[in-house]
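Next comes start-v6.txt, with compact mmCIF, C-alpha atoms.
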# COMPACT_ATOMS: atom_id res chain seq x y z
CA MET A 672 -43.32 -51.54 36.48
CA THR A 673 -41.65 -54.81 37.25
CA PRO A 674 -44.22 -57.60 37.33
CA VAL A 675 -44.96 -58.85 40.85
CA PRO A 676 -43.56 -62.37 41.34
CA PRO A 677 -46.34 -64.93 41.98
CA ALA A 678 -44.74 -65.82 45.30
CA ARG A 679 -45.50 -62.30 46.58
CA HIS A 680 -49.21 -63.08 46.38
CA LEU A 681 -48.71 -66.44 48.06
CA LEU A 682 -46.84 -64.65 50.84
CA ARG A 683 -50.02 -62.63 51.49
CA ALA A 684 -51.83 -65.85 52.26
CA LYS A 685 -48.97 -66.96 54.53
CA ASP A 686 -49.06 -63.59 56.28
CA LEU A 687 -52.81 -63.92 56.71
CA ILE A 688 -52.21 -67.20 58.54
CA GLU A 689 -49.48 -65.56 60.64
CA CYS A 690 -51.70 -62.67 61.60
CA ARG A 691 -55.15 -64.24 61.83
CA TYR A 692 -54.47 -67.89 62.75
CA TYR A 693 -57.05 -67.64 65.54
CA GLU A 694 -59.86 -66.86 63.12
CA HIS A 695 -61.75 -69.23 60.84
CA LEU A 696 -59.50 -69.45 57.79
CA ASP A 697 -60.50 -71.74 54.94
CA VAL A 698 -58.97 -72.38 51.55
CA PRO A 699 -61.21 -69.89 49.68
CA ALA A 700 -60.24 -67.09 52.11
CA LEU A 701 -56.55 -67.89 51.83
CA ALA A 702 -56.76 -68.33 48.06
CA GLY A 703 -58.45 -64.94 47.85
CA ALA A 704 -55.56 -63.32 49.71
CA ALA A 705 -53.18 -64.89 47.20
CA ARG A 706 -55.43 -63.90 44.28
CA LEU A 707 -55.58 -67.47 43.08
CA SER A 708 -58.42 -69.88 42.51
CA PRO A 709 -58.91 -72.34 45.37
CA ALA A 710 -58.07 -75.14 42.93
CA HIS A 711 -54.60 -73.78 42.18
CA PHE A 712 -53.87 -72.17 45.51
CA SER A 713 -52.94 -75.14 47.71
CA ARG A 714 -50.61 -76.60 45.10
CA GLU A 715 -48.89 -73.27 44.45
CA PHE A 716 -48.55 -72.55 48.16
CA ARG A 717 -46.90 -75.90 48.67
CA ARG A 718 -44.58 -75.32 45.74
CA ALA A 719 -43.47 -71.96 47.18
CA PHE A 720 -43.19 -72.84 50.86
CA GLY A 721 -42.77 -76.61 50.97
CA GLU A 722 -45.94 -77.39 52.90
CA THR A 723 -49.65 -77.11 52.34
CA PRO A 724 -51.56 -74.10 53.68
CA HIS A 725 -53.41 -76.47 55.97
CA GLN A 726 -50.16 -77.78 57.46
CA TYR A 727 -48.84 -74.27 57.88
CA LEU A 728 -52.01 -73.04 59.57
CA LEU A 729 -52.24 -76.04 61.88
CA THR A 730 -48.60 -75.85 62.97
CA ARG A 731 -48.85 -72.10 63.49
CA ARG A 732 -51.84 -72.76 65.76
CA LEU A 733 -50.05 -75.55 67.60
CA GLU A 734 -46.98 -73.38 68.16
CA ARG A 735 -49.15 -70.63 69.64
CA ALA A 736 -50.96 -73.21 71.76
CA ALA A 737 -47.63 -74.55 73.05
CA ALA A 738 -46.56 -71.02 73.98
CA LEU A 739 -49.83 -70.52 75.85
CA LEU A 740 -49.38 -73.83 77.64
CA ARG A 741 -45.93 -72.73 78.77
CA HIS A 742 -46.75 -69.17 79.69
CA THR A 743 -50.35 -69.17 80.93
CA ASP A 744 -52.56 -71.25 83.20
CA HIS A 745 -55.47 -71.24 80.72
CA SER A 746 -57.25 -74.55 80.37
CA VAL A 747 -56.41 -76.84 77.44
CA ALA A 748 -59.88 -76.26 75.99
CA ASP A 749 -59.58 -72.48 76.24
CA ILE A 750 -56.19 -72.60 74.55
CA CYS A 751 -57.54 -74.85 71.82
CA PHE A 752 -60.34 -72.41 70.99
CA SER A 753 -58.18 -69.31 71.38
CA VAL A 754 -55.80 -70.45 68.64
CA GLY A 755 -58.68 -71.04 66.23
CA LEU A 756 -59.16 -74.80 66.61
CA LYS A 757 -62.69 -76.10 67.00
CA SER A 758 -62.31 -79.54 68.54
CA VAL A 759 -60.41 -80.32 71.73
CA GLY A 760 -60.17 -83.95 70.66
CA SER A 761 -58.42 -83.24 67.38
CA PHE A 762 -56.32 -80.53 69.06
CA THR A 763 -55.02 -83.08 71.57
CA THR A 764 -54.32 -85.57 68.79
CA SER A 765 -52.55 -83.01 66.57
CA PHE A 766 -50.63 -81.62 69.52
CA GLY A 767 -49.46 -85.11 70.50
CA ARG A 768 -48.23 -85.72 66.96
CA ALA A 769 -46.37 -82.41 66.87
CA TYR A 770 -44.82 -82.40 70.33
CA GLY A 771 -44.75 -86.06 71.26
CA ARG A 772 -46.90 -85.63 74.36
CA SER A 773 -50.33 -84.42 75.38
CA PRO A 774 -50.92 -80.70 76.05
CA THR A 775 -51.13 -81.41 79.77
CA ALA A 776 -47.91 -83.44 79.79
CA TYR A 777 -46.22 -80.76 77.68
CA ARG A 778 -47.21 -78.07 80.14
CA ALA A 779 -45.93 -80.15 83.05
CA ALA A 780 -42.60 -80.65 81.26
CA PHE A 781 -42.04 -76.91 80.96
CA PRO A 782 -42.29 -75.36 84.40
CA PRO A 783 -42.52 -71.58 84.66
CA ALA A 784 -39.45 -69.66 83.51
CA ALA A 785 -38.57 -68.66 87.06
CA SER A 786 -37.63 -72.22 87.95
CA HIS A 787 -35.25 -72.37 84.95
CA ALA A 788 -33.65 -69.01 85.63
CA ARG A 789 -33.42 -69.55 89.40
CA VAL A 790 -34.59 -66.06 90.08
CA PRO A 791 -34.59 -65.52 93.87
CA SER A 792 -38.07 -65.58 95.31
CA CYS A 793 -37.68 -62.06 96.69
CA ILE A 794 -37.18 -60.87 93.11
CA VAL A 795 -40.15 -62.91 91.90
CA ARG A 796 -42.31 -61.49 94.63
CA ALA A 797 -41.16 -57.96 94.00
CA TYR A 798 -41.44 -57.99 90.23
CA ALA A 799 -44.57 -60.08 89.89
CA ARG A 800 -46.53 -58.08 92.39
CA PRO A 801 -49.42 -56.31 90.64
CA ARG A 802 -49.35 -52.57 90.52
CA PHE A 803 -51.34 -51.18 93.37
CA SER A 804 -53.47 -49.04 91.07
CA THR A 805 -54.82 -52.19 89.42
CA PHE A 806 -57.38 -52.46 92.16
CA GLY A 807 -58.09 -48.78 92.57
CA GLU A 808 -57.07 -49.09 96.22
CA ASP A 809 -54.40 -46.42 95.96
CA ARG A 810 -57.03 -43.88 95.08
CA ALA A 811 -59.16 -45.03 97.98
CA ALA A 812 -56.14 -44.85 100.30
CA ALA A 813 -55.23 -41.39 99.03
CA GLY A 814 -58.73 -40.22 99.75
CA ALA A 815 -58.77 -41.79 103.19
CA MET B 1468 -11.26 -51.46 63.01
CA LEU B 1469 -14.93 -51.01 62.19
CA LYS B 1470 -16.40 -47.86 63.68
CA ARG B 1471 -19.97 -47.39 62.58
CA LEU B 1472 -22.70 -49.03 60.56
CA THR B 1473 -23.61 -46.64 57.73
CA HIS B 1474 -25.79 -48.57 55.25
CA VAL B 1475 -27.76 -51.76 54.99
CA ASN B 1476 -29.35 -52.96 51.77
CA GLN B 1477 -32.91 -54.06 51.17
CA TRP B 1478 -33.46 -55.73 47.79
CA VAL B 1479 -36.47 -54.33 45.97
CA THR B 1480 -38.03 -55.12 42.62
CA ASP B 1481 -39.27 -51.61 41.78
CA GLN B 1482 -37.39 -48.57 43.03
CA ASP B 1483 -40.12 -46.00 42.33
CA GLU B 1484 -42.56 -48.07 44.34
CA ALA B 1485 -39.90 -48.60 47.02
CA LEU B 1486 -39.25 -44.86 47.30
CA ALA B 1487 -42.96 -44.16 47.69
CA PHE B 1488 -43.44 -46.89 50.29
CA TYR B 1489 -40.41 -46.15 52.44
CA THR B 1490 -40.87 -42.37 52.47
CA GLU B 1491 -44.64 -41.86 52.24
CA LYS B 1492 -45.84 -44.90 54.15
CA LEU B 1493 -43.01 -45.56 56.60
CA GLY B 1494 -42.02 -41.91 56.88
CA LEU B 1495 -38.30 -42.33 56.26
CA GLU B 1496 -36.27 -39.52 54.72
CA LEU B 1497 -34.87 -39.70 51.23
CA ARG B 1498 -31.10 -39.66 51.59
CA MET B 1499 -29.86 -40.08 48.04
CA ASP B 1500 -31.39 -40.84 44.67
CA SER B 1501 -28.73 -40.94 42.02
CA THR B 1502 -28.74 -42.72 38.67
CA VAL B 1503 -25.39 -43.44 37.04
CA PRO B 1504 -25.59 -43.71 33.22
CA GLU B 1505 -22.08 -45.14 32.81
CA MET B 1506 -23.02 -47.98 35.13
CA GLY B 1507 -25.98 -49.17 33.11
CA ASN B 1508 -28.29 -46.66 34.82
CA PHE B 1509 -27.57 -48.13 38.23
CA ARG B 1510 -29.71 -46.19 40.70
CA TRP B 1511 -28.37 -45.59 44.18
CA LEU B 1512 -31.47 -45.00 46.26
CA SER B 1513 -31.21 -44.62 50.01
CA VAL B 1514 -33.54 -43.63 52.83
CA GLY B 1515 -33.20 -43.38 56.59
CA PRO B 1516 -34.91 -42.43 59.82
CA SER B 1517 -34.84 -38.71 60.62
CA GLY B 1518 -33.36 -39.37 64.05
CA GLN B 1519 -30.34 -41.17 62.60
CA PRO B 1520 -28.75 -39.09 59.85
CA ASP B 1521 -25.68 -41.35 59.74
CA VAL B 1522 -27.57 -44.59 59.02
CA ALA B 1523 -29.24 -45.33 55.70
CA VAL B 1524 -31.10 -48.17 54.04
CA THR B 1525 -30.22 -48.63 50.39
CA LEU B 1526 -33.15 -49.78 48.28
CA LEU B 1527 -31.32 -51.47 45.44
CA LYS B 1528 -33.04 -53.21 42.60
CA VAL B 1529 -32.06 -56.82 42.12
CA PRO B 1530 -29.68 -56.48 39.16
CA GLY B 1531 -29.59 -58.54 36.00
CA PRO B 1532 -26.52 -59.16 33.82
CA PRO B 1533 -23.66 -58.36 34.07
CA VAL B 1534 -24.09 -58.37 37.87
CA PHE B 1535 -26.39 -61.34 38.33
CA ASP B 1536 -27.17 -63.84 35.62
CA PRO B 1537 -30.90 -64.08 34.87
CA ASP B 1538 -31.38 -67.25 36.92
CA THR B 1539 -29.70 -65.72 39.96
CA ALA B 1540 -31.71 -62.50 39.64
CA ALA B 1541 -34.93 -64.51 39.35
CA ALA B 1542 -33.97 -66.60 42.38
CA VAL B 1543 -33.25 -63.51 44.51
CA ASN B 1544 -36.51 -61.89 43.43
CA ASP B 1545 -38.34 -65.07 44.32
CA ILE B 1546 -36.69 -65.26 47.75
CA VAL B 1547 -37.67 -61.65 48.44
CA ALA B 1548 -41.23 -62.34 47.31
CA LYS B 1549 -41.42 -65.35 49.63
CA GLY B 1550 -40.44 -63.16 52.56
CA ALA B 1551 -37.23 -65.09 53.08
CA ALA B 1552 -34.75 -62.27 52.45
CA GLY B 1553 -33.32 -59.76 54.88
CA GLY B 1554 -35.53 -57.53 56.92
CA LEU B 1555 -35.18 -54.34 58.90
CA PHE B 1556 -35.76 -53.56 62.56
CA PHE B 1557 -36.90 -50.13 63.68
CA ALA B 1558 -37.74 -48.58 67.02
CA THR B 1559 -40.66 -46.28 67.78
CA ASP B 1560 -41.64 -44.46 70.94
CA ASP B 1561 -45.37 -45.08 70.37
CA ILE B 1562 -46.19 -48.45 68.87
CA GLU B 1563 -49.98 -47.99 69.06
CA SER B 1564 -50.04 -44.77 67.06
CA THR B 1565 -47.48 -46.19 64.63
CA HIS B 1566 -49.70 -49.23 64.15
CA GLU B 1567 -52.80 -47.09 63.58
CA GLU B 1568 -51.00 -44.85 61.13
CA LEU B 1569 -49.55 -47.71 59.07
CA LYS B 1570 -52.86 -49.55 59.08
CA GLY B 1571 -54.60 -46.38 57.93
CA LYS B 1572 -52.15 -46.08 55.08
CA GLY B 1573 -52.97 -49.59 53.92
CA VAL B 1574 -49.62 -51.13 54.82
CA ASP B 1575 -49.67 -54.94 55.06
CA ILE B 1576 -49.60 -55.73 58.77
CA VAL B 1577 -47.98 -59.11 59.38
CA GLN B 1578 -48.13 -59.00 63.15
CA GLU B 1579 -50.31 -56.77 65.28
CA PRO B 1580 -48.62 -55.13 68.29
CA THR B 1581 -47.70 -57.97 70.65
CA GLN B 1582 -46.26 -57.92 74.14
CA GLN B 1583 -42.77 -59.40 74.25
CA PRO B 1584 -40.36 -59.69 77.16
CA TYR B 1585 -38.49 -56.63 75.87
CA GLY B 1586 -41.42 -54.42 74.93
CA VAL B 1587 -44.17 -54.38 72.32
CA ASP B 1588 -43.41 -55.24 68.72
CA MET B 1589 -45.24 -55.52 65.42
CA ALA B 1590 -44.34 -56.33 61.83
CA VAL B 1591 -45.29 -55.13 58.38
CA ARG B 1592 -44.18 -56.00 54.86
CA ASP B 1593 -42.96 -53.79 52.10
CA PRO B 1594 -44.59 -54.19 48.68
CA PHE B 1595 -41.93 -56.72 47.65
CA GLY B 1596 -42.14 -59.13 50.58
CA ASN B 1597 -39.43 -57.83 52.92
CA GLN B 1598 -40.37 -57.91 56.57
CA ILE B 1599 -40.03 -54.75 58.62
CA ARG B 1600 -40.23 -55.11 62.38
CA ILE B 1601 -41.08 -52.20 64.62
CA ALA B 1602 -40.66 -52.27 68.39
CA GLN B 1603 -41.29 -49.99 71.28
CA ILE B 1604 -38.58 -51.21 73.63
CA GLY B 1605 -39.64 -51.40 77.26
CA ALA B 1606 -43.33 -50.78 76.53
CA GLN B 1607 -46.03 -52.72 78.37

Please go through the file and, once you have read it, give me the structure as structure tokens.
Amino acid sequence: MTPVPPARHLLRAKDLIECRYYEHLDVPALAGAARLSPAHFSREFRRAFGETPHQYLLTRRLERAAALLRHTDHSVADICFSVGLKSVGSFTTSFGRAYGRSPTAYRAAFPPAASHARVPSCIVRAYARPRFSTFGEDRAAAGA
Amino acid sequence: MLKRLTHVNQWVTDQDEALAFYTEKLGLELRMDSTVPEMGNFRWLSVGPSGQPDVAVTLLKVPGPPVFDPDTAAAVNDIVAKGAAGGLFFATDDIESTHEELKGKGVDIVQEPTQQPYGVDMAVRDPFGNQIRIAQIGAQ
């Protein structure tokens, strides 16, 4: 057997962040995934990937939050909690540092994709219309 | 000019483990497993999806001297372990059952099935750090 390179274990911690960023992830949990002691973990992670696990986790959460701001109409607070952050105040601060504007201003700067792509409104109306069965009305109509 | 893609390579650090993972866990077919003594026991190991007999993935071990000097070999192994090398993209016609099956087999799931504009995709890692993406194109 070829020995497993240490970075392979660190990658497990990075993958855990990728996959479970919306959960409570602390250094002991991440260190456990990398099979390292919490004391060594953060330093080794930074050596392998060029940033601390905290930075990686926070920016992963902010990226997901930005995507939700662009693609959903969920409130800023809901988005904050849904990406695993606990405080709307620090979310807004971190978001401003990362993207140069507040979550609300960021959302306003990225209008829905349809206005970029100039999709004709008839197409928007046709394709965005919910399937009739969503409401169970087709079954009611069929029975009528 | 170029007609068809026949092989792509995925660097691995242990070919026995690679063979087990790619055939038993991912369900690919063994295409060729041939060790060549006159080439320093170079082992040509390839696998592929059953639906595509003319495409194969070679699972080659990162070589040492005389192919790569020790520093280069160590650097490539490290890049693979960091998840920064290569990667393969597969298609499935049932992403949910594929996900359940791989999860049940203890495969490292990197990304749970996620809706994308083009369908639903997910990602796993091989034992060495290579990312393998699986998509059900057009799924909702």

Handout entry: Long-range neighbours of Val1514 in chain B as number ranges by chain, 8 Å cut-off, only C-alpha atoms, 3 positions minimum in chain
Key = B: 1489-1490, 1495-1499, 1523-1526

Exercise for the section: Return as a ChimeraX atom specification the residues belonging to chain A that are within 8 Å of chain B, counting only C-alpha atoms. Expected result: /A:672-673,675-679,681-682,686-687,689-690,719-720

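Coordinates place CA of Tyr777 in chain A at a distance of 17.7 Å from CA of Ser753 in chain A.
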
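Near Gly760 in chain A, within 10 Å and counting only C-alpha atoms, sit A:Ala748, A:Cys751, A:Thr764, A:Ser765, A:Phe766; same-chain residues fewer than 4 positions away were not included.
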
Completion exercise
Min atom-atom distance to Phe1488 in chain B from the set B:Met1506, B:Met1589, B:Ile1599, B:Val1574, counting all atoms listed in the file, belongs to B:Val1574

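Using all atoms listed in the file, the smallest distance between any of A:His742, A:Lys757, A:Gln726, A:Ala769 and Gln1583 in chain B comes from A:His742.
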
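Taking CA of Gly1553 in chain B as the reference point, CA of Asp1593 in chain B is found at 11.7 Å.
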
Practice task
Do a neighbour search on Gly755 in chain A at 10 Å with all atoms listed in the file, toss out local chain neighbours closer than 5 positions, and write the hits as a list in words.
Solution key: Arg691, Tyr692, Tyr693, Glu694, His695, Leu696, Leu728, Leu729, Arg732, Leu733, Ala736 and Ile750 of chain A

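Note that the spacing between CA of Lys1528 in chain B and CA of Leu1469 in chain B amounts to 26.8 Å.
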
Please, what is the axis-aligned box for every listed atom of range 756-759 of chain A with 4 Å on each side, as centre and edge lengths in Å to one decimal, as JSON?
{"center_x": -60.9, "center_y": -77.6, "center_z": 69.2, "size_x": 11.5, "size_y": 13.5, "size_z": 13.1}

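Excluding Thr775 in chain A itself and any same-chain residue fewer than 4 positions from it, the protein and nucleic acid residues within 12 Å of it, counting all atoms listed in the file, are Ala736, Ala737, Leu739, Leu740, Arg741, Asp744, His745, Ser746, Val747, Ala748, Ile750, Phe762, Thr763, Phe766, Gly767, Tyr770, Gly771, Ala779, Ala780, Phe781 and Pro782 of chain A.
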
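In terms of minimum interatomic distance to Gln1582 in chain B, B:Gly1605 ranks closest within B:Pro1533, B:Gly1507, B:Gly1554, B:Gly1605, counting all atoms listed in the file.
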
Practice task
Excluding Gly1586 in chain B and residues on its chain fewer than 6 positions from it, collect all residues at most 12 Å away from it, counting all atoms listed in the file, and give them as a list in words.
Solution key: Ala1558, Thr1559, Asp1560, Asp1561, Ile1562, Pro1580, Ile1601, Ala1602, Gln1603, Ile1604, Gly1605, Ala1606 and Gln1607 of chain B

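Proximity to Trp1478 in chain B was assessed for B:Ser1564, B:Ser1513, B:Ser1501, B:Asn1508 counting all atoms listed in the file; the smallest distance is recorded for B:Ser1513.
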
Practice task
Name the closest residue to Val698 in chain A among the candidates A:Arg717, A:Arg778, A:Arg683, A:His725; distances are taken between atoms, counting all atoms listed in the file.
Solution key: A:His725

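Nearest to Gly1571 in chain B of all the residues B:Leu1493, B:Met1468, B:Leu1486, B:Val1475 is B:Leu1493, based on all atoms listed in the file.
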